[in-house]
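Asker: To be precise about what I am sending: the file is called start.txt and holds compact mmCIF, C-alpha atoms and all ligand atoms.
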```txt
# COMPACT_ATOMS: atom_id res chain seq x y z
CA MET A 1 193.82 148.00 13.25
CA PRO A 2 194.42 150.50 16.07
CA ARG A 3 197.80 150.58 17.79
CA ILE A 4 197.18 151.26 21.46
CA LEU A 5 199.46 152.42 24.27
CA GLY A 6 198.38 150.82 27.56
CA ILE A 7 199.15 152.15 31.03
CA GLU A 8 198.57 150.21 34.28
CA THR A 9 199.38 151.41 37.82
CA SER A 10 196.52 150.02 39.92
CA CYS A 11 198.67 148.20 42.49
CA ASP A 12 202.41 147.50 42.70
CA GLU A 13 203.48 147.19 39.05
CA THR A 14 204.25 150.25 36.94
CA ALA A 15 203.49 149.03 33.43
CA CYS A 16 203.29 150.38 29.88
CA ALA A 17 202.76 148.40 26.67
CA VAL A 18 202.00 148.78 23.00
CA VAL A 19 199.48 146.36 21.50
CA GLN A 20 198.08 146.14 18.00
CA ASP A 21 195.33 143.77 16.94
CA ARG A 22 195.75 141.42 19.96
CA HIS A 23 199.51 141.22 19.38
CA VAL A 24 202.01 142.55 21.92
CA LEU A 25 204.56 144.89 20.35
CA SER A 26 206.10 145.67 23.76
CA SER A 27 205.30 145.11 27.42
CA VAL A 28 207.42 146.75 30.09
CA ILE A 29 206.82 146.20 33.82
CA ALA A 30 208.71 147.81 36.70
CA SER A 31 207.82 145.57 39.62
CA GLN A 32 207.86 146.96 43.15
CA ILE A 33 207.80 143.50 44.73
CA ALA A 34 211.30 143.82 46.19
CA ILE A 35 210.30 147.10 47.89
CA HIS A 36 207.08 145.77 49.46
CA GLN A 37 208.53 142.36 50.39
CA ARG A 38 209.91 143.46 53.74
CA PHE A 39 206.42 144.66 54.79
CA GLY A 40 204.79 141.34 53.80
CA GLY A 41 202.36 143.07 51.41
CA VAL A 42 201.75 146.20 49.36
CA VAL A 43 202.02 149.53 51.21
CA PRO A 44 199.72 151.93 49.27
CA GLU A 45 201.68 155.15 49.93
CA ILE A 46 204.97 153.57 48.85
CA ALA A 47 203.31 152.10 45.75
CA ALA A 48 201.98 155.53 44.74
CA ARG A 49 205.38 157.18 45.14
CA GLU A 50 207.21 154.45 43.22
CA HIS A 51 204.82 154.78 40.27
CA VAL A 52 205.68 158.49 40.04
CA LEU A 53 209.39 157.65 40.04
CA GLU A 54 209.13 154.88 37.43
CA ILE A 55 206.42 155.85 34.96
CA ASN A 56 208.46 158.02 32.57
CA THR A 57 211.23 155.44 32.17
CA VAL A 58 208.75 152.60 31.67
CA LEU A 59 206.82 154.62 29.08
CA ALA A 60 209.94 155.51 27.09
CA GLU A 61 211.08 151.88 27.17
CA ALA A 62 207.69 150.58 25.97
CA LEU A 63 207.64 152.95 22.97
CA ALA A 64 211.28 152.20 22.12
CA ARG A 65 210.88 148.41 22.28
CA ALA A 66 207.76 148.62 20.09
CA GLN A 67 209.71 150.87 17.67
CA THR A 68 206.74 153.18 17.77
CA ASN A 69 206.55 156.95 17.62
CA TRP A 70 203.59 159.11 18.62
CA ASP A 71 202.30 159.40 15.04
CA GLN A 72 201.76 155.63 15.05
CA ILE A 73 199.73 155.55 18.30
CA ASP A 74 195.95 155.59 17.73
CA GLY A 75 194.79 155.74 21.33
CA ILE A 76 195.77 155.53 24.99
CA ALA A 77 194.17 152.94 27.30
CA VAL A 78 194.53 153.32 31.05
CA THR A 79 193.26 151.46 34.11
CA LEU A 80 190.71 153.70 35.85
CA GLY A 81 189.98 151.16 38.61
CA PRO A 82 189.52 149.20 40.74
CA GLY A 83 192.74 149.54 42.69
CA LEU A 84 194.65 151.75 45.12
CA VAL A 85 193.55 155.33 44.48
CA GLY A 86 196.98 156.93 44.93
CA ALA A 87 198.51 154.34 42.62
CA LEU A 88 195.79 154.65 39.97
CA LEU A 89 196.15 158.43 39.90
CA THR A 90 199.72 158.29 38.60
CA GLY A 91 198.81 156.19 35.55
CA VAL A 92 195.63 158.13 34.86
CA THR A 93 197.31 161.54 35.17
CA CYS A 94 200.09 160.35 32.86
CA ALA A 95 197.57 159.01 30.30
CA LYS A 96 195.49 162.19 30.34
CA THR A 97 198.57 164.38 29.94
CA LEU A 98 199.81 162.31 26.98
CA ALA A 99 196.34 162.37 25.42
CA LEU A 100 196.27 166.15 25.68
CA VAL A 101 199.84 166.80 24.54
CA HIS A 102 199.75 164.36 21.59
CA ASP A 103 196.05 164.88 20.79
CA LYS A 104 195.15 161.19 21.15
CA PRO A 105 191.87 159.64 22.28
CA LEU A 106 191.73 158.22 25.81
CA VAL A 107 189.98 154.95 26.72
CA GLY A 108 189.39 154.00 30.37
CA VAL A 109 189.63 150.30 31.23
CA HIS A 110 188.34 148.27 34.19
CA HIS A 111 191.30 146.32 35.62
CA LEU A 112 189.39 143.02 35.66
CA GLU A 113 188.33 143.49 32.06
CA GLY A 114 192.04 143.85 31.35
CA HIS A 115 192.74 140.48 33.00
CA ILE A 116 189.99 138.86 30.91
CA TYR A 117 191.46 140.34 27.73
CA SER A 118 194.93 138.99 28.57
CA VAL A 119 193.75 135.64 27.18
CA PHE A 120 193.24 137.16 23.71
CA LEU A 121 196.99 137.79 23.69
CA ALA A 122 197.49 134.00 23.89
CA ASP A 123 194.70 133.14 21.46
CA PRO A 124 193.89 136.07 19.12
CA ALA A 125 191.16 134.07 17.35
CA LEU A 126 189.13 133.66 20.56
CA GLU A 127 185.69 135.30 20.62
CA PRO A 128 182.93 135.44 23.26
CA PRO A 129 180.82 133.81 24.57
CA PHE A 130 182.93 131.99 27.14
CA VAL A 131 183.26 131.60 30.88
CA CYS A 132 186.21 133.25 32.62
CA LEU A 133 187.60 132.11 35.95
CA LEU A 134 189.28 135.24 37.27
CA VAL A 135 191.70 134.43 40.07
CA SER A 136 193.89 137.26 41.36
CA GLY A 137 195.08 138.79 44.60
CA GLY A 138 191.82 140.69 44.99
CA HIS A 139 189.23 138.64 43.10
CA THR A 140 187.94 135.13 42.62
CA SER A 141 185.05 135.25 40.18
CA LEU A 142 183.37 133.15 37.56
CA ILE A 143 182.23 135.50 34.83
CA HIS A 144 179.98 134.76 31.89
CA VAL A 145 181.49 136.85 29.08
CA LYS A 146 178.44 137.10 26.83
CA ASP A 147 179.96 139.49 24.33
CA HIS A 148 182.72 142.11 24.24
CA GLY A 149 182.11 144.27 27.29
CA VAL A 150 179.00 142.33 28.41
CA TYR A 151 179.57 140.47 31.67
CA GLN A 152 177.53 138.54 34.18
CA THR A 153 179.20 137.40 37.38
CA LEU A 154 178.04 133.85 38.09
CA GLY A 155 179.87 133.32 41.36
CA GLN A 156 182.55 134.78 43.59
CA THR A 157 184.33 134.34 46.88
CA ARG A 158 182.48 135.29 50.04
CA ASP A 159 185.70 136.33 51.79
CA ASP A 160 189.36 135.94 50.76
CA ALA A 161 190.37 135.86 47.10
CA VAL A 162 192.40 132.83 46.01
CA GLY A 163 195.58 134.88 45.53
CA GLU A 164 195.03 136.40 48.97
CA ALA A 165 194.80 132.87 50.43
CA PHE A 166 198.13 131.99 48.74
CA ASP A 167 199.68 135.16 50.16
CA LYS A 168 198.33 134.59 53.70
CA VAL A 169 199.36 130.93 53.82
CA ALA A 170 202.83 131.89 52.52
CA ARG A 171 203.08 134.42 55.33
CA LEU A 172 202.15 131.75 57.90
CA LEU A 173 204.97 129.65 56.47
CA ASP A 174 207.44 132.57 56.30
CA LEU A 175 207.78 132.11 52.55
CA GLY A 176 207.64 135.83 51.74
CA TYR A 177 205.52 137.96 49.37
CA PRO A 178 203.97 137.29 46.88
CA GLY A 179 202.91 133.91 48.18
CA GLY A 180 201.76 132.18 44.98
CA PRO A 181 205.11 131.53 43.30
CA ALA A 182 206.74 130.62 46.67
CA ILE A 183 204.02 128.07 47.52
CA GLN A 184 204.14 126.63 44.00
CA LYS A 185 207.89 126.07 44.36
CA MET A 186 207.61 124.51 47.82
CA ALA A 187 204.67 122.30 46.71
CA GLN A 188 206.64 120.68 43.88
CA SER A 189 208.17 118.00 46.10
CA GLY A 190 205.11 117.58 48.37
CA ASN A 191 202.31 115.02 48.60
CA PRO A 192 199.04 116.72 47.59
CA LYS A 193 197.00 114.16 49.57
CA ALA A 194 198.91 114.53 52.84
CA PHE A 195 196.46 116.93 54.54
CA ALA A 196 192.68 117.19 54.27
CA LEU A 197 191.76 120.89 54.13
CA PRO A 198 188.34 122.61 53.91
CA LYS A 199 187.08 122.82 50.32
CA GLY A 200 185.44 126.22 50.69
CA THR A 201 181.94 125.12 49.72
CA VAL A 202 179.05 127.49 50.55
CA ASP A 203 175.28 127.31 49.99
CA GLN A 204 175.46 128.88 46.50
CA PRO A 205 177.41 126.28 44.48
CA LEU A 206 179.23 128.81 42.26
CA ASP A 207 180.38 130.90 45.23
CA SER A 208 183.23 129.84 47.49
CA SER A 209 184.99 130.75 50.73
CA PHE A 210 188.75 130.60 51.12
CA SER A 211 189.25 132.04 54.60
CA GLY A 212 188.63 128.62 56.25
CA ILE A 213 191.51 126.97 54.41
CA LYS A 214 193.94 129.60 55.69
CA THR A 215 192.65 129.14 59.27
CA ALA A 216 193.00 125.34 58.91
CA VAL A 217 196.63 125.78 57.82
CA ALA A 218 197.27 128.09 60.80
CA ARG A 219 195.81 125.46 63.21
CA LEU A 220 197.90 122.66 61.70
CA LEU A 221 201.04 124.77 62.13
CA GLN A 222 200.13 125.63 65.72
CA LYS A 223 199.70 121.93 66.53
CA ASP A 224 202.93 120.88 64.83
CA PRO A 225 205.33 123.67 63.83
CA LEU A 226 207.67 121.05 62.32
CA LEU A 227 205.16 119.44 59.97
CA ASN A 228 206.19 118.75 56.38
CA ARG A 229 205.84 122.11 54.63
CA ALA A 230 206.11 120.76 51.11
CA ASP A 231 203.20 118.39 51.84
CA LEU A 232 201.20 121.23 53.33
CA CYS A 233 201.80 123.51 50.31
CA ALA A 234 200.95 120.70 47.88
CA SER A 235 197.74 119.85 49.80
CA PHE A 236 196.77 123.53 49.89
CA GLU A 237 197.30 123.93 46.12
CA GLU A 238 195.47 120.67 45.42
CA THR A 239 192.42 121.64 47.52
CA ILE A 240 192.14 125.04 45.81
CA THR A 241 192.63 123.44 42.39
CA GLN A 242 189.91 120.83 42.95
CA THR A 243 187.48 123.46 44.28
CA LEU A 244 188.02 125.75 41.30
CA GLY A 245 187.78 122.81 38.86
CA GLN A 246 184.38 121.85 40.28
CA ARG A 247 183.13 125.44 40.00
CA ILE A 248 184.22 125.59 36.36
CA GLN A 249 182.34 122.38 35.54
CA LEU A 250 179.17 123.77 37.13
CA ALA A 251 179.49 127.16 35.40
CA LEU A 252 179.98 125.59 31.96
CA ARG A 253 177.01 123.28 32.53
CA GLN A 254 174.85 126.21 33.65
CA THR A 255 175.74 128.42 30.68
CA MET A 256 175.86 125.50 28.22
CA LEU A 257 179.27 126.76 26.99
CA THR A 258 182.42 124.78 26.29
CA THR A 259 185.12 127.47 26.38
CA ILE A 260 186.80 128.31 29.68
CA VAL A 261 189.47 130.96 30.04
CA VAL A 262 191.44 131.43 33.25
CA ALA A 263 192.99 134.83 34.02
CA GLY A 264 194.59 136.79 36.88
CA GLY A 265 197.81 136.22 38.81
CA VAL A 266 196.85 132.74 40.08
CA SER A 267 196.33 131.53 36.49
CA ALA A 268 200.16 131.22 36.41
CA ASN A 269 199.87 128.30 38.85
CA GLN A 270 201.10 125.11 37.19
CA ARG A 271 198.99 122.65 39.20
CA LEU A 272 195.83 124.65 38.44
CA ARG A 273 196.74 124.87 34.73
CA ARG A 274 197.41 121.12 34.49
CA HIS A 275 194.14 120.21 36.21
CA ILE A 276 191.97 122.48 34.07
CA LEU A 277 193.70 121.29 30.89
CA ASP A 278 193.03 117.68 31.99
CA LEU A 279 189.37 118.48 32.65
CA GLY A 280 189.26 120.12 29.21
CA THR A 281 190.57 116.96 27.57
CA THR A 282 188.05 114.81 29.46
CA TYR A 283 185.01 117.00 28.75
CA GLY A 284 185.99 118.43 25.36
CA TRP A 285 186.40 122.07 26.45
CA ARG A 286 188.51 124.73 24.81
CA VAL A 287 190.81 125.96 27.59
CA VAL A 288 192.77 129.22 27.26
CA PHE A 289 195.26 130.80 29.69
CA PRO A 290 197.12 134.11 29.26
CA PRO A 291 200.81 133.89 28.29
CA LEU A 292 202.71 133.13 31.53
CA ASP A 293 204.33 136.57 31.68
CA LEU A 294 200.95 138.30 31.29
CA CYS A 295 199.07 136.51 34.12
CA THR A 296 200.01 139.04 36.79
CA ASP A 297 199.41 142.77 36.36
CA ASN A 298 200.68 144.24 33.11
CA ALA A 299 199.73 146.95 30.62
CA ALA A 300 199.45 144.73 27.51
CA MET A 301 196.13 143.38 28.82
CA ILE A 302 194.91 146.95 29.41
CA ALA A 303 195.94 147.98 25.88
CA CYS A 304 194.21 144.87 24.48
CA ALA A 305 190.94 145.57 26.35
CA GLY A 306 191.20 149.27 25.48
CA GLY A 307 191.78 148.40 21.81
CA GLU A 308 188.55 146.40 21.67
CA ARG A 309 186.65 149.26 23.33
CA PHE A 310 188.31 151.75 20.98
CA LYS A 311 187.22 149.72 17.90
CA ARG A 312 183.64 149.87 19.19
CA GLY A 313 183.83 153.67 19.43
CA ALA A 314 184.43 154.05 23.17
CA ARG A 315 186.19 157.20 24.33
CA SER A 316 186.73 158.65 27.81
CA ASP A 317 186.76 162.31 28.80
CA LEU A 318 189.89 163.97 30.08
CA ASP A 319 188.09 164.42 33.42
CA ALA A 320 187.32 160.69 33.77
CA LYS A 321 187.60 159.71 37.44
CA VAL A 322 189.51 156.84 39.00
CA PHE A 323 187.40 154.37 40.99
CA PRO A 324 188.76 152.25 43.88
CA ARG A 325 185.99 149.63 43.73
CA ALA A 326 183.39 148.46 41.22
CA SER A 327 182.24 145.08 39.97
CA LEU A 328 182.47 144.31 36.28
CA ASP A 329 178.69 143.95 35.95
CA SER A 330 178.01 147.42 37.33
CA GLN A 331 181.17 149.22 36.28
CA PRO A 332 180.99 153.01 36.08
CA ALA A 333 180.47 154.39 32.59
CA LEU A 334 183.96 154.30 31.11
CA ASP A 335 182.89 155.57 27.71
CA THR A 336 182.01 159.11 28.59
CA GLN A 337 182.10 160.19 24.96
CA GLY A 338 180.78 156.92 23.45
O1 LIG B 401 196.50 139.64 39.06
P1 LIG B 401 197.52 139.98 40.07
O2 LIG B 401 198.90 140.32 39.60
O3 LIG B 401 197.09 141.20 40.95
C1 LIG B 401 195.77 141.49 41.27
O4 LIG B 401 195.07 142.11 40.43
O5 LIG B 401 195.38 141.09 42.39
O6 LIG B 401 197.58 138.75 41.08
C2 LIG B 401 198.48 138.68 42.13
C3 LIG B 401 198.22 137.38 42.90
C4 LIG B 401 199.03 137.29 44.19
O7 LIG B 401 198.14 136.98 45.23
C5 LIG B 401 200.01 136.16 43.92
O8 LIG B 401 200.35 135.41 45.08
C6 LIG B 401 199.25 135.31 42.91
O9 LIG B 401 198.59 136.25 42.10
N1 LIG B 401 200.13 134.46 42.10
C7 LIG B 401 200.11 133.11 42.13
C8 LIG B 401 201.14 132.67 41.26
N2 LIG B 401 201.76 133.77 40.74
C9 LIG B 401 201.12 134.86 41.26
N3 LIG B 401 199.33 132.25 42.80
C10 LIG B 401 199.56 130.93 42.64
N4 LIG B 401 200.54 130.42 41.83
C11 LIG B 401 201.36 131.26 41.14
N5 LIG B 401 202.32 130.75 40.36
ZN ZN B 402 195.37 142.36 38.62
```
Rewrite the structure of this file - the entire thing - as structure tokens.
Answerer:
Amino acid sequence: MPRILGIETSCDETACAVVQDRHVLSSVIASQIAIHQRFGGVVPEIAAREHVLEINTVLAEALARAQTNWDQIDGIAVTLGPGLVGALLTGVTCAKTLALVHDKPLVGVHHLEGHIYSVFLADPALEPPFVCLLVSGGHTSLIHVKDHGVYQTLGQTRDDAVGEAFDKVARLLDLGYPGGPAIQKMAQSGNPKAFALPKGTVDQPLDSSFSGIKTAVARLLQKDPLLNRADLCASFEETITQTLGQRIQLALRQTMLTTIVVAGGVSANQRLRRHILDLGTTYGWRVVFPPLDLCTDNAAMIACAGGERFKRGARSDLDAKVFPRASLDSQPALDTQG
């Protein structure tokens, strides 16, 4: 089984990991959250510079913790996109240099494919087909994973991603960045039925819209700046959770599948996890989440996805290009030597 070094620098985490056969040997993440916090979000130029400063230390730490030397590495997987171009370039340049110096094959990975593969690190026996609800800071998609590397997007958000909605609502409430964990904490003591918020339904039942919920929260706060914030956070989480639960039911009915995996930063949310597990018990689904520490961006998921591609013969050229945007269905050819 190939032992893969993974490198991820698409946004604000500098991450390296070693993964073998869907098992994490090491996963090291240098988070830039504290640096971006005072700006209320990620500043691309600062993110790019921080990756340059951190990458060598993170790499050395990942190899040391995995007790792995270069002879034991079979391939290098790196996020080629989507993400911030300046940030991506650091990881990709590092990966290409290591591939050249140590004569190792390079495998490019789509960041969202990485998130999907994070669930294999929780359940190594899992195999497609299944439906994946991908909920991160940039994406909210229901994806039919037909086979390894074969994806069909069934539905997505028309505007804000779910994680983005968490971050924007947290900003309205002065809870800081990133918003998800802060809202989850505040919501713990709140009443989830206190406020009725828009459910984000649109004409296509598997699509959704989350910008209205943020606007509704802003209006409520304008009307009454002293309203109960715990209740508001709990109602916000509950509305999002119910909406996503309904979409999952529809997607599983449409595809006639019974396995749902939830990935991306928002899959760390406890209320969402509980609700989907409850639905799974009611309807007899297999429900899989990534390990809690691998929900947000990390390199273990990139190494895992890269390892699967590697086993199927995928290889990328040393002149493979980073890409800032691309859906999973129409991703650029990653396997330039396949
Ligand atoms: O997957 P991720 O690390 O980055 C992207 O690829 O976008 O996701 C980050 C997002 C942020 O919007 C953050 O607020 C959200 O995940 N998040 C959460 C939780 N932890 C992180 N949202 C809700 N509940 C959480 N516990
Ligand atoms: Zn991500």
Asker: With all atoms listed in the file counted, collect every polymer residue having an atom within 8 Å of ligand ZN 402 (chain B); state the result as a ChimeraX atom specification.
Answerer: /A:10-11,111-112,115,136-138,264-265,296-298
Asker: Would you compute the distance between CA of Ala161 (chain A) and CA of Met301 (chain A)? Give it in Å to one decimal.
Answerer: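 Calculated distance between CA of Ala161 (chain A) and CA of Met301 (chain A) is 20.6 Å.
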Asker: Identify, on the basis of all atoms listed in the file, every residue whose closest approach to region 187-199 of chain A does not exceed 6 Å; exclude the query and any residue fewer than 2 positions from it along the same chain; express the result as a PyMOL selection string.
Answerer: chain A and resi 183-185+201+213+230-231+233-235+238
Asker: If you count all atoms listed in the file, which residues fall within 12 Å of Glu127 (chain A), apart from same-chain ones fewer than 5 positions away, as a PDB file with C-alpha atoms, keeping the file's coordinate frame?
Answerer:
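Output file part_31.pdb follows:
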```pdb
ATOM      1  CA  ARG A  22     195.750 141.420  19.960  1.00  0.00           C
ATOM      2  CA  ILE A 116     189.990 138.860  30.910  1.00  0.00           C
ATOM      3  CA  TYR A 117     191.460 140.340  27.730  1.00  0.00           C
ATOM      4  CA  VAL A 119     193.750 135.640  27.180  1.00  0.00           C
ATOM      5  CA  PHE A 120     193.240 137.160  23.710  1.00  0.00           C
ATOM      6  CA  LEU A 121     196.990 137.790  23.690  1.00  0.00           C
ATOM      7  CA  VAL A 145     181.490 136.850  29.080  1.00  0.00           C
ATOM      8  CA  LYS A 146     178.440 137.100  26.830  1.00  0.00           C
ATOM      9  CA  ASP A 147     179.960 139.490  24.330  1.00  0.00           C
ATOM     10  CA  HIS A 148     182.720 142.110  24.240  1.00  0.00           C
ATOM     11  CA  GLY A 149     182.110 144.270  27.290  1.00  0.00           C
ATOM     12  CA  THR A 259     185.120 127.470  26.380  1.00  0.00           C
ATOM     13  CA  ILE A 260     186.800 128.310  29.680  1.00  0.00           C
ATOM     14  CA  VAL A 261     189.470 130.960  30.040  1.00  0.00           C
ATOM     15  CA  ARG A 286     188.510 124.730  24.810  1.00  0.00           C
ATOM     16  CA  VAL A 288     192.770 129.220  27.260  1.00  0.00           C
ATOM     17  CA  GLU A 308     188.550 146.400  21.670  1.00  0.00           C
TER      18      GLU A 308
END
```
Asker: Could you list, as an MDAnalysis selection string, every residue within 10 Å of Leu80 (chain A), counting all atoms listed in the file and ignoring same-chain residues fewer than 2 positions away?
Answerer: chainID A and resid 7:10 77:78 82:83 85 88:89 91:92 107:111 320:324 332 334
Asker: Mind giving me the axis-aligned box for region 110-128 of chain A with 8 Å on every side, centre plus edges in Å to one decimal, as JSON?
Answerer:
```
{"center_x": 190.2, "center_y": 140.7, "center_z": 26.5, "size_x": 30.6, "size_y": 31.1, "size_z": 34.3}
```
Asker: With all atoms listed in the file as the atoms that count, which of A:Ala251, A:Val169, A:Ala34, A:Leu59 lies nearest to ligand LIG 401 (chain B)?
Answerer: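 Closest to ligand LIG 401 (chain B), using all atoms listed in the file: A:Val169.
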Asker: With distances taken over all atoms listed in the file, which of A:Leu53, A:Leu126, A:Leu5, A:Leu221 is nearest to Ser26 (chain A)?
Answerer: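 Once distances to Ser26 (chain A) are computed over all atoms listed in the file, the minimum belongs to A:Leu5.
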Asker: Would you work out the distance separating CA of Ser316 (chain A) from CA of Ile76 (chain A), expressed in Å to one decimal?
Answerer: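 Between CA of Ser316 (chain A) and CA of Ile76 (chain A) the gap works out to 10.0 Å.
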Asker: Hey, can you check how far CA of Val42 (chain A) sits from atom O4 of ligand LIG 401 (chain B)?
Answerer: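 About the pair CA of Val42 (chain A) and atom O4 of ligand LIG 401 (chain B): they are 11.9 Å apart.
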Asker: Give the answer as one residue: which of A:Thr282, A:Ser31, A:Gln204, A:Thr68 has the shortest atom-to-atom distance to ligand LIG 401 (chain B), using only C-alpha atoms and all ligand atoms?
Answerer: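 The answer is A:Ser31, which sits nearest to ligand LIG 401 (chain B).
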Asker: Which residues are close to region 12-19 of chain A, i.e. within 8 Å by all atoms listed in the file, leaving aside same-chain residues fewer than 3 positions away? Reply as a PyMOL selection string.
Answerer: chain A and resi 3-9+22-33+42+47+51+54-55+58-59+62-63+66+87+297-300+303-304+307
Asker: Counting only C-alpha atoms and all ligand atoms, figure out which residue out of A:Gln222, A:Gln20, A:Ser211, A:Thr140 gets nearest to ligand LIG 401 (chain B).
Answerer: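 Ranking A:Gln222, A:Gln20, A:Ser211, A:Thr140 by distance to ligand LIG 401 (chain B), first place goes to A:Thr140.
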Asker: Which is closest to Ala48 (chain A) among A:Thr90, A:Phe130, A:Asn69, A:Gly212, if we use only C-alpha atoms?
Answerer: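 Among the listed residues, A:Thr90 lies closest to Ala48 (chain A).
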Asker: For a quick check of understanding, using all atoms listed in the file, which of A:Val131, A:Ala165, A:Ala326, A:Leu106 has the smallest distance to ligand LIG 401 (chain B)?
Answerer: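 When distances to ligand LIG 401 (chain B) are compared using all atoms listed in the file, the smallest one comes from A:Ala165.
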